[in-house]
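Containing CSV, C-alpha atoms: my_file_11.csv.
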chain,number,residue,atom,x,y,z
Q,1,MET,CA,42.0,11.9,-13.8
Q,2,PHE,CA,39.5,9.6,-12.1
Q,3,ARG,CA,39.8,8.0,-8.7
Q,4,ILE,CA,39.4,4.3,-9.1
Q,5,ALA,CA,38.5,2.1,-6.1
Q,6,SER,CA,38.6,-1.6,-6.0
Q,7,SER,CA,35.7,-3.8,-4.8
Q,8,PRO,CA,34.0,-4.4,-2.6
Q,9,HIS,CA,32.0,-1.2,-2.8
Q,10,VAL,CA,30.0,-0.1,0.2
Q,11,HIS,CA,26.8,1.8,-0.4
Q,12,SER,CA,26.5,5.1,1.4
Q,13,THR,CA,23.2,6.5,2.7
Q,14,SER,CA,24.5,10.1,3.1
Q,15,LEU,CA,23.0,11.3,-0.2
Q,16,THR,CA,19.6,9.6,0.6
Q,17,THR,CA,19.7,11.1,4.1
Q,18,LYS,CA,20.4,14.5,2.7
Q,19,VAL,CA,17.5,14.3,0.2
Q,20,MET,CA,15.0,13.1,2.8
Q,21,LEU,CA,16.0,15.7,5.4
Q,22,TRP,CA,15.7,18.6,2.9
Q,23,VAL,CA,12.2,17.3,1.8
Q,24,ILE,CA,11.2,17.2,5.5
Q,25,VAL,CA,12.5,20.7,6.0
Q,26,ALA,CA,10.5,22.0,3.0
Q,27,MET,CA,7.3,20.5,4.4
Q,28,ILE,CA,7.6,22.3,7.8
Q,29,PRO,CA,6.0,25.6,6.7
Q,30,ALA,CA,3.0,23.8,5.2
Q,31,ILE,CA,2.6,21.7,8.4
Q,32,ILE,CA,2.7,24.8,10.5
Q,33,VAL,CA,0.0,26.4,8.3
Q,34,GLN,CA,-2.1,23.3,8.5
Q,35,ILE,CA,-1.9,23.2,12.3
Q,36,TYR,CA,-2.8,26.9,12.5
Q,37,TYR,CA,-6.0,26.4,10.4
Q,38,PHE,CA,-7.0,22.9,11.3
Q,39,GLY,CA,-5.8,22.5,14.9
Q,40,PHE,CA,-3.4,20.4,16.8
Q,41,GLY,CA,-4.7,17.1,15.5
Q,42,THR,CA,-2.1,17.2,12.7
Q,43,LEU,CA,0.7,17.5,15.2
Q,44,ILE,CA,-0.6,14.5,17.2
Q,45,GLN,CA,-1.0,12.4,14.0
Q,46,ILE,CA,2.6,13.3,13.0
Q,47,ALA,CA,3.9,12.1,16.4
Q,48,LEU,CA,2.0,8.9,16.2
Q,49,ALA,CA,3.0,8.2,12.6
Q,50,VAL,CA,6.7,8.9,13.0
Q,51,SER,CA,7.1,7.0,16.2
Q,52,PHE,CA,5.2,3.9,15.0
Q,53,ALA,CA,7.0,4.0,11.6
Q,54,ILE,CA,10.5,4.1,13.3
Q,55,LEU,CA,9.5,1.2,15.6
Q,56,LEU,CA,8.1,-0.8,12.7
Q,57,GLU,CA,11.1,-0.1,10.5
Q,58,TRP,CA,13.4,-1.2,13.2
Q,59,GLY,CA,11.5,-4.4,13.9
Q,60,VAL,CA,11.2,-5.4,10.2
Q,61,THR,CA,14.9,-4.7,9.3
Q,62,LYS,CA,16.0,-6.7,12.4
Q,63,LEU,CA,13.8,-9.7,11.4
Q,64,ARG,CA,15.3,-9.5,7.9
Q,65,GLY,CA,18.8,-9.6,9.3
Q,66,LYS,CA,19.7,-6.2,8.0
Q,67,ARG,CA,21.6,-3.4,9.7
Q,68,HIS,CA,18.5,-1.6,11.1
Q,69,TRP,CA,20.3,1.5,12.3
Q,70,GLN,CA,21.7,2.1,8.9
Q,71,ASP,CA,18.2,1.8,7.3
Q,72,LEU,CA,16.7,4.1,9.9
Q,73,SER,CA,19.4,6.7,9.4
Q,74,ASP,CA,18.3,7.5,5.8
Q,75,PHE,CA,15.0,9.0,7.2
Q,76,SER,CA,13.0,7.6,4.4
Q,77,VAL,CA,10.5,6.0,6.8
Q,78,VAL,CA,10.2,9.3,8.7
Q,79,LEU,CA,9.3,11.1,5.4
Q,80,THR,CA,6.7,8.4,4.5
Q,81,ALA,CA,5.1,8.8,8.0
Q,82,LEU,CA,5.1,12.6,7.7
Q,83,ILE,CA,3.4,12.5,4.3
Q,84,LEU,CA,0.7,10.1,5.4
Q,85,ALA,CA,0.1,12.0,8.7
Q,86,VAL,CA,-0.4,15.3,6.8
Q,87,ALA,CA,-2.7,13.6,4.2
Q,88,ILE,CA,-5.3,12.2,6.6
Q,89,PRO,CA,-7.9,14.2,8.5
Q,90,PRO,CA,-6.4,15.8,11.7
Q,91,TYR,CA,-8.9,14.3,14.1
Q,92,ALA,CA,-9.1,10.8,12.6
Q,93,PRO,CA,-9.0,8.0,15.2
Q,94,TYR,CA,-5.5,6.9,16.3
Q,95,TRP,CA,-5.9,3.4,14.9
Q,96,LEU,CA,-6.4,4.8,11.4
Q,97,ILE,CA,-2.9,6.3,11.2
Q,98,LEU,CA,-1.3,3.3,12.8
Q,99,LEU,CA,-3.0,1.0,10.3
Q,100,GLY,CA,-2.0,3.3,7.4
Q,101,ILE,CA,1.7,3.3,8.5
Q,102,PHE,CA,1.6,-0.5,8.8
Q,103,CYS,CA,0.3,-0.8,5.2
Q,104,ALA,CA,2.8,1.8,3.9
Q,105,VAL,CA,5.9,0.3,5.5
Q,106,MET,CA,5.0,-3.3,5.1
Q,107,LEU,CA,2.9,-3.5,1.9
Q,108,GLY,CA,4.3,-0.4,0.2
Q,109,LYS,CA,8.0,-0.8,1.0
Q,110,HIS,CA,9.4,-4.0,2.6
Q,111,VAL,CA,7.3,-6.5,0.8
Q,112,TYR,CA,9.3,-5.5,-2.3
Q,113,GLY,CA,12.7,-5.6,-0.6
Q,114,GLY,CA,13.0,-2.1,1.0
Q,115,LEU,CA,13.9,1.3,-0.2
Q,116,GLY,CA,14.8,1.5,-3.9
Q,117,GLN,CA,12.9,-1.7,-4.8
Q,118,ASN,CA,9.3,-0.5,-4.2
Q,119,PRO,CA,7.4,0.3,-7.4
Q,120,PHE,CA,4.7,2.3,-5.7
Q,121,ASN,CA,4.9,5.3,-3.4
Q,122,PRO,CA,4.6,3.8,0.1
Q,123,ALA,CA,2.7,6.7,1.7
Q,124,MET,CA,0.1,6.6,-1.1
Q,125,VAL,CA,-0.2,2.8,-0.8
Q,126,GLY,CA,-1.2,3.3,2.9
Q,127,TYR,CA,-3.4,6.3,2.0
Q,128,ALA,CA,-5.3,4.5,-0.8
Q,129,ILE,CA,-5.9,1.4,1.4
Q,130,LEU,CA,-7.3,3.6,4.2
Q,131,LEU,CA,-9.5,5.6,1.8
Q,132,VAL,CA,-11.0,2.5,0.2
Q,133,SER,CA,-11.4,0.7,3.5
Q,134,PHE,CA,-12.6,3.5,5.8
Q,135,PRO,CA,-14.1,6.2,3.6
Q,136,ALA,CA,-16.2,7.8,6.4
Q,137,GLN,CA,-13.1,8.3,8.7
Q,138,MET,CA,-10.9,9.4,5.8
Q,139,THR,CA,-13.3,12.1,4.6
Q,140,ALA,CA,-14.2,13.5,8.0
Q,141,TRP,CA,-12.1,16.7,7.7
Q,142,ALA,CA,-12.6,19.2,10.5
Q,143,LEU,CA,-13.6,22.8,9.8
Q,144,PRO,CA,-11.0,25.5,10.0
Q,145,ASN,CA,-10.6,26.9,13.5
Q,146,HIS,CA,-11.9,30.3,12.3
Q,147,LEU,CA,-15.4,28.8,11.8
Q,148,LEU,CA,-15.7,26.9,15.1
Q,149,LEU,CA,-17.5,28.6,17.9
Q,150,GLU,CA,-15.0,27.1,20.3
Q,151,PRO,CA,-11.7,26.3,18.6
Q,152,THR,CA,-10.3,22.9,19.7
Q,153,THR,CA,-7.4,23.0,22.2
Q,154,PHE,CA,-4.5,20.5,22.3
Q,155,ARG,CA,-6.4,18.5,24.9
Q,156,ASP,CA,-9.5,18.4,22.8
Q,157,ALA,CA,-7.5,17.2,19.8
Q,158,TYR,CA,-5.9,14.5,22.0
Q,159,LEU,CA,-9.3,13.3,23.3
Q,160,LEU,CA,-10.9,13.4,19.8
Q,161,ILE,CA,-8.2,11.2,18.4
Q,162,PHE,CA,-8.0,8.7,21.2
Q,163,GLN,CA,-11.5,8.7,22.6
Q,164,GLY,CA,-13.7,10.3,19.9
Q,165,VAL,CA,-15.0,13.1,22.0
Q,166,SER,CA,-13.8,16.5,23.2
Q,167,SER,CA,-13.3,17.6,26.8
Q,168,ASP,CA,-17.0,18.8,26.7
Q,169,GLY,CA,-18.3,15.5,25.5
Q,170,TYR,CA,-18.9,16.4,21.9
Q,171,ASN,CA,-17.7,14.3,19.0
Q,172,LEU,CA,-16.3,15.8,15.8
Q,173,HIS,CA,-19.7,15.8,14.0
Q,174,GLN,CA,-21.4,17.6,16.8
Q,175,LEU,CA,-18.6,20.3,17.0
Q,176,THR,CA,-19.0,21.1,13.3
Q,177,SER,CA,-22.8,20.8,13.1
Q,178,THR,CA,-23.2,23.8,15.3
Q,179,ILE,CA,-22.6,26.0,12.2
Q,180,ASP,CA,-25.7,26.2,10.0
Q,181,GLY,CA,-25.2,24.6,6.6
Q,182,VAL,CA,-21.7,23.4,7.2
Q,183,THR,CA,-20.7,19.7,6.9
Q,184,GLN,CA,-17.3,18.1,7.3
Q,185,ALA,CA,-16.8,18.0,3.5
Q,186,THR,CA,-13.8,19.7,2.0
Q,187,PRO,CA,-14.2,22.5,-0.5
Q,188,LEU,CA,-13.4,20.1,-3.4
Q,189,ASP,CA,-16.0,17.7,-2.2
Q,190,SER,CA,-18.6,20.5,-1.8
Q,191,VAL,CA,-18.0,21.7,-5.4
Q,192,LYS,CA,-18.1,18.1,-6.8
Q,193,THR,CA,-21.3,17.2,-5.0
Q,194,GLY,CA,-22.9,20.5,-5.9
Q,195,SER,CA,-22.0,20.2,-9.5
Q,196,LYS,CA,-23.5,16.7,-9.7
Q,197,ASN,CA,-26.7,18.1,-8.2
Q,198,HIS,CA,-26.7,20.8,-10.9
Q,199,PHE,CA,-26.1,23.7,-8.5
Q,200,GLU,CA,-24.3,26.7,-9.7
Q,201,LEU,CA,-21.0,27.8,-8.2
Q,202,THR,CA,-22.6,30.9,-6.8
Q,203,GLN,CA,-25.0,28.7,-4.7
Q,204,ILE,CA,-22.2,26.4,-3.6
Q,205,ALA,CA,-20.0,29.3,-2.5
Q,206,THR,CA,-22.6,30.5,0.1
Q,207,SER,CA,-21.1,27.9,2.5
Q,208,PRO,CA,-19.0,29.4,5.3
Q,209,ILE,CA,-16.1,27.2,4.4
Q,210,PHE,CA,-15.4,29.4,1.3
Q,211,GLN,CA,-13.6,32.6,2.0
Q,212,HIS,CA,-14.9,35.8,0.4
Q,213,SER,CA,-12.7,38.7,-0.5
Q,214,ASP,CA,-12.4,41.3,-3.3
Q,215,TRP,CA,-9.3,39.8,-4.9
Q,216,GLN,CA,-10.9,36.4,-5.2
Q,217,GLN,CA,-13.9,37.5,-7.2
Q,218,TYR,CA,-12.3,36.5,-10.6
Q,219,LEU,CA,-11.9,32.9,-9.3
Q,220,THR,CA,-15.7,32.3,-9.7
Q,221,VAL,CA,-15.6,30.3,-6.5
Q,222,PRO,CA,-13.8,31.8,-3.5
Q,223,MET,CA,-11.0,29.8,-2.0
Q,224,GLY,CA,-11.7,27.4,0.9
Q,225,ILE,CA,-10.4,28.8,4.2
Q,226,GLY,CA,-7.1,27.1,5.1
Q,227,TRP,CA,-6.8,25.1,1.9
Q,228,TRP,CA,-5.3,27.7,-0.4
Q,229,GLN,CA,-2.9,28.8,2.3
Q,230,VAL,CA,-1.7,25.2,2.8
Q,231,ASN,CA,-1.3,24.8,-0.9
Q,232,LEU,CA,0.6,28.0,-1.2
Q,233,ALA,CA,3.0,26.8,1.6
Q,234,PHE,CA,3.6,23.5,-0.3
Q,235,LEU,CA,4.2,25.5,-3.5
Q,236,LEU,CA,6.9,27.6,-1.8
Q,237,GLY,CA,8.4,24.4,-0.2
Q,238,GLY,CA,8.4,22.7,-3.6
Q,239,LEU,CA,10.1,25.7,-5.3
Q,240,PHE,CA,12.7,25.6,-2.5
Q,241,LEU,CA,13.4,21.9,-3.3
Q,242,ILE,CA,13.9,22.7,-7.0
Q,243,TRP,CA,16.2,25.6,-6.1
Q,244,LYS,CA,18.2,23.2,-3.9
Q,245,LYS,CA,18.2,20.6,-6.8
Q,246,ILE,CA,16.6,18.0,-4.5
Q,247,ILE,CA,13.8,17.4,-7.1
Q,248,HIS,CA,13.6,18.2,-10.8
Q,249,TRP,CA,11.2,20.7,-12.3
Q,250,GLN,CA,9.9,18.4,-15.0
Q,251,ILE,CA,7.3,16.4,-13.0
Q,252,PRO,CA,5.7,19.3,-11.1
Q,253,ALA,CA,5.7,21.6,-14.2
Q,254,ALA,CA,4.2,18.9,-16.4
Q,255,LEU,CA,1.6,17.9,-13.8
Q,256,LEU,CA,0.4,21.4,-13.0
Q,257,ALA,CA,0.4,22.5,-16.7
Q,258,THR,CA,-1.7,19.5,-17.7
Q,259,LEU,CA,-4.2,20.0,-14.9
Q,260,THR,CA,-4.4,23.7,-15.8
Q,261,LEU,CA,-4.9,23.0,-19.5
Q,262,PHE,CA,-7.7,20.5,-19.0
Q,263,SER,CA,-9.4,22.4,-16.2
Q,264,THR,CA,-9.3,25.6,-18.3
Q,265,ALA,CA,-11.1,23.8,-21.2
Q,266,THR,CA,-13.8,22.4,-18.8
Q,267,TRP,CA,-14.2,25.8,-17.1
Q,268,LEU,CA,-14.6,27.7,-20.4
Q,269,PHE,CA,-17.2,25.1,-21.5
Q,270,ALA,CA,-19.3,25.5,-18.3
Q,271,PRO,CA,-18.0,28.4,-16.2
Q,272,ALA,CA,-21.2,28.5,-14.0
Q,273,THR,CA,-20.8,24.8,-12.9
Q,274,PHE,CA,-17.0,24.2,-12.8
Q,275,PRO,CA,-14.5,26.3,-10.9
Q,276,SER,CA,-11.6,28.1,-12.5
Q,277,PRO,CA,-8.3,26.3,-13.1
Q,278,LEU,CA,-6.5,28.5,-10.5
Q,279,TRP,CA,-9.0,27.2,-7.9
Q,280,GLN,CA,-8.2,23.7,-8.9
Q,281,LEU,CA,-4.5,24.3,-8.4
Q,282,PHE,CA,-4.9,25.7,-4.9
Q,283,SER,CA,-7.5,23.2,-3.6
Q,284,GLY,CA,-7.1,19.7,-2.1
Q,285,ALA,CA,-3.7,18.2,-2.3
Q,286,THR,CA,-2.6,19.6,-5.7
Q,287,MET,CA,0.6,21.3,-4.7
Q,288,PHE,CA,1.4,18.6,-2.1
Q,289,GLY,CA,1.1,16.0,-4.8
Q,290,ALA,CA,2.9,17.8,-7.5
Q,291,PHE,CA,6.1,18.6,-5.4
Q,292,PHE,CA,6.2,16.1,-2.6
Q,293,ILE,CA,4.4,12.9,-3.8
Q,294,ALA,CA,4.8,12.6,-7.5
Q,295,THR,CA,8.5,13.5,-7.4
Q,296,ASP,CA,9.4,10.4,-5.3
Q,297,PRO,CA,12.8,9.5,-6.7
Q,298,VAL,CA,12.2,5.7,-6.4
Q,299,THR,CA,8.8,5.4,-7.9
Q,300,ALA,CA,8.8,8.2,-10.5
Q,301,SER,CA,10.4,8.2,-13.9
Q,302,ILE,CA,14.2,8.8,-13.9
Q,303,THR,CA,14.8,10.0,-17.5
Q,304,PRO,CA,14.5,13.7,-18.5
Q,305,LYS,CA,11.8,13.1,-21.1
Q,306,GLY,CA,10.2,10.4,-18.9
Q,307,LYS,CA,9.7,12.9,-16.1
Q,308,LEU,CA,7.7,15.1,-18.4
Q,309,TYR,CA,5.6,12.2,-19.6
Q,310,PHE,CA,5.1,11.0,-16.1
Q,311,GLY,CA,3.9,14.4,-14.9
Q,312,VAL,CA,1.5,14.7,-17.8
Q,313,LEU,CA,0.1,11.3,-17.0
Q,314,VAL,CA,-0.4,12.1,-13.4
Q,315,GLY,CA,-2.1,15.4,-14.4
Q,316,ILE,CA,-4.5,13.7,-16.8
Q,317,LEU,CA,-5.5,11.1,-14.3
Q,318,LEU,CA,-5.9,13.7,-11.6
Q,319,TYR,CA,-8.2,15.7,-13.8
Q,320,VAL,CA,-10.3,12.6,-14.8
Q,321,ILE,CA,-10.7,11.5,-11.2
Q,322,ARG,CA,-11.6,14.9,-10.0
Q,323,PHE,CA,-14.1,15.8,-12.7
Q,324,TYR,CA,-15.5,12.4,-13.6
Q,325,GLY,CA,-14.5,9.9,-10.8
Q,326,GLY,CA,-16.0,9.1,-7.5
Q,327,TYR,CA,-13.4,10.8,-5.3
Q,328,PRO,CA,-13.1,14.6,-5.0
Q,329,ASP,CA,-9.3,14.8,-5.1
Q,330,GLY,CA,-7.6,11.7,-6.5
Q,331,VAL,CA,-3.9,12.6,-6.1
Q,332,ALA,CA,-3.1,9.2,-4.5
Q,333,PHE,CA,-4.8,7.1,-7.2
Q,334,ALA,CA,-3.3,9.3,-10.0
Q,335,VAL,CA,0.2,8.8,-8.6
Q,336,LEU,CA,-0.2,5.0,-8.0
Q,337,LEU,CA,-1.7,4.4,-11.4
Q,338,SER,CA,1.2,6.4,-13.0
Q,339,ASN,CA,3.7,4.4,-11.0
Q,340,ILE,CA,2.6,1.3,-12.9
Q,341,CYS,CA,3.6,2.9,-16.1
Q,342,VAL,CA,7.1,4.0,-15.0
Q,343,PRO,CA,9.1,1.0,-16.4
Q,344,LEU,CA,7.4,1.4,-19.8
Q,345,ILE,CA,8.0,5.2,-19.8
Q,346,ASP,CA,11.7,4.8,-18.8
Q,347,HIS,CA,12.2,2.1,-21.5
Q,348,TYR,CA,11.0,4.3,-24.3
Q,349,THR,CA,12.6,7.5,-23.1
Q,350,ARG,CA,16.1,6.3,-22.4
Q,351,PRO,CA,18.8,8.7,-23.7
Q,352,ARG,CA,20.7,7.5,-26.7
Q,353,LEU,CA,24.1,6.2,-25.9
Q,354,TYR,CA,27.2,7.9,-27.3
Q,355,GLY,CA,28.2,6.3,-30.6
Q,356,ARG,CA,24.8,4.6,-31.2
Would you mind writing the file out in structure tokens?
Amino acid sequence: MFRIASSPHVHSTSLTTKVMLWVIVAMIPAIIVQIYYFGFGTLIQIALAVSFAILLEWGVTKLRGKRHWQDLSDFSVVLTALILAVAIPPYAPYWLILLGIFCAVMLGKHVYGGLGQNPFNPAMVGYAILLVSFPAQMTAWALPNHLLLEPTTFRDAYLLIFQGVSSDGYNLHQLTSTIDGVTQATPLDSVKTGSKNHFELTQIATSPIFQHSDWQQYLTVPMGIGWWQVNLAFLLGGLFLIWKKIIHWQIPAALLATLTLFSTATWLFAPATFPSPLWQLFSGATMFGAFFIATDPVTASITPKGKLYFGVLVGILLYVIRFYGGYPDGVAFAVLLSNICVPLIDHYTRPRLYGR
């Protein structure tokens, strides 16, 4: 009835490789949308991140005396690099992504023993270190190409990343300051700063980074150009992963439902100051975090009930950080703080054994 094999048993990376590859495939549409709206900087950051991550993974596994080609074949380090490259500003200096990859691979993964032993999401470890250490570079998001008088070319993107200036000699701040009233802040940051300064949403929405159209009037604050399109692409990619049974529905559903519930309560209390819950769902890295970051099979809860509790915890922390914390988004910190609680969650949500 069952095929019995005697020891020694050899671990196969085929399942891990399959999962990682499907996640990478699901991210491709969102990456294309991000490149379309925010320029070729994302593509260059991805190339830098993936190449350096592979080189670093090969060197570390060789120093540890492990079979480095087998570890590289699972594509886990490629996915880590891809997530971090998409999360940082497209025109961040080259050394920023290299430092982030080093922290993610070394401090987030191999310091604990490699894949399967790390308690924290490696990409978010690298992101959090960069955000705390270099807040100016990590919050210098470029404006969508639609708002730039002269959209950046691939050569401009290359020069901005490696030299800090475009082919015309302008830095990123000079390129974006040509538009009156526009800064390099994201829509989430603009709303958070405006709310703290007691501005109403109608005043905040006058910035060109917010897109105006008839169907968005019920959102109170129009969507940020490029941001809701990227979130929609991540949502579709996440649903594809659920359909392929690569990830489970519990974590994304619990996270998004919790964020929606608390955001709705806050919005109903002060609709003139806080944006609608739908705006919260399609701004920042909400969909990216719900489907591609919080669902990490190594660092998330593994029990059915535990996945729901884990998603709820991430959603609560994300809401608290966004509305009351110092950072406008907070996905990375919400996931990392929830990773700490995973052993406790799994301990109290273990399924009952048959006969007990």
Pick from Q:Pro135, Q:Gly114, Q:Gly65, Q:Gly169: nearest to Leu96 (chain Q), with all atoms listed in the file counted? Q:Pro135
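Proximity of Q:Leu261, Q:Gly39, Q:Met124, Q:Ala30 to Glu150 (chain Q), computed with only C-alpha atoms, is greatest for Q:Gly39.
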Any idea what the distance is between CA of Asn145 (chain Q) and CA of Tyr37 (chain Q)? 5.6 Å
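Between Pro271 (chain Q) and the residues Q:Ser167, Q:Ser195, Q:Gln250, Q:Ile35, the shortest atom-to-atom distance, using only C-alpha atoms, involves Q:Ser195.
In this structure, CA of Ser338 (chain Q) sits 20.1 Å away from CA of Gly238 (chain Q).
We find CA of Leu337 (chain Q) and CA of Phe120 (chain Q) to be spaced 8.8 Å apart.
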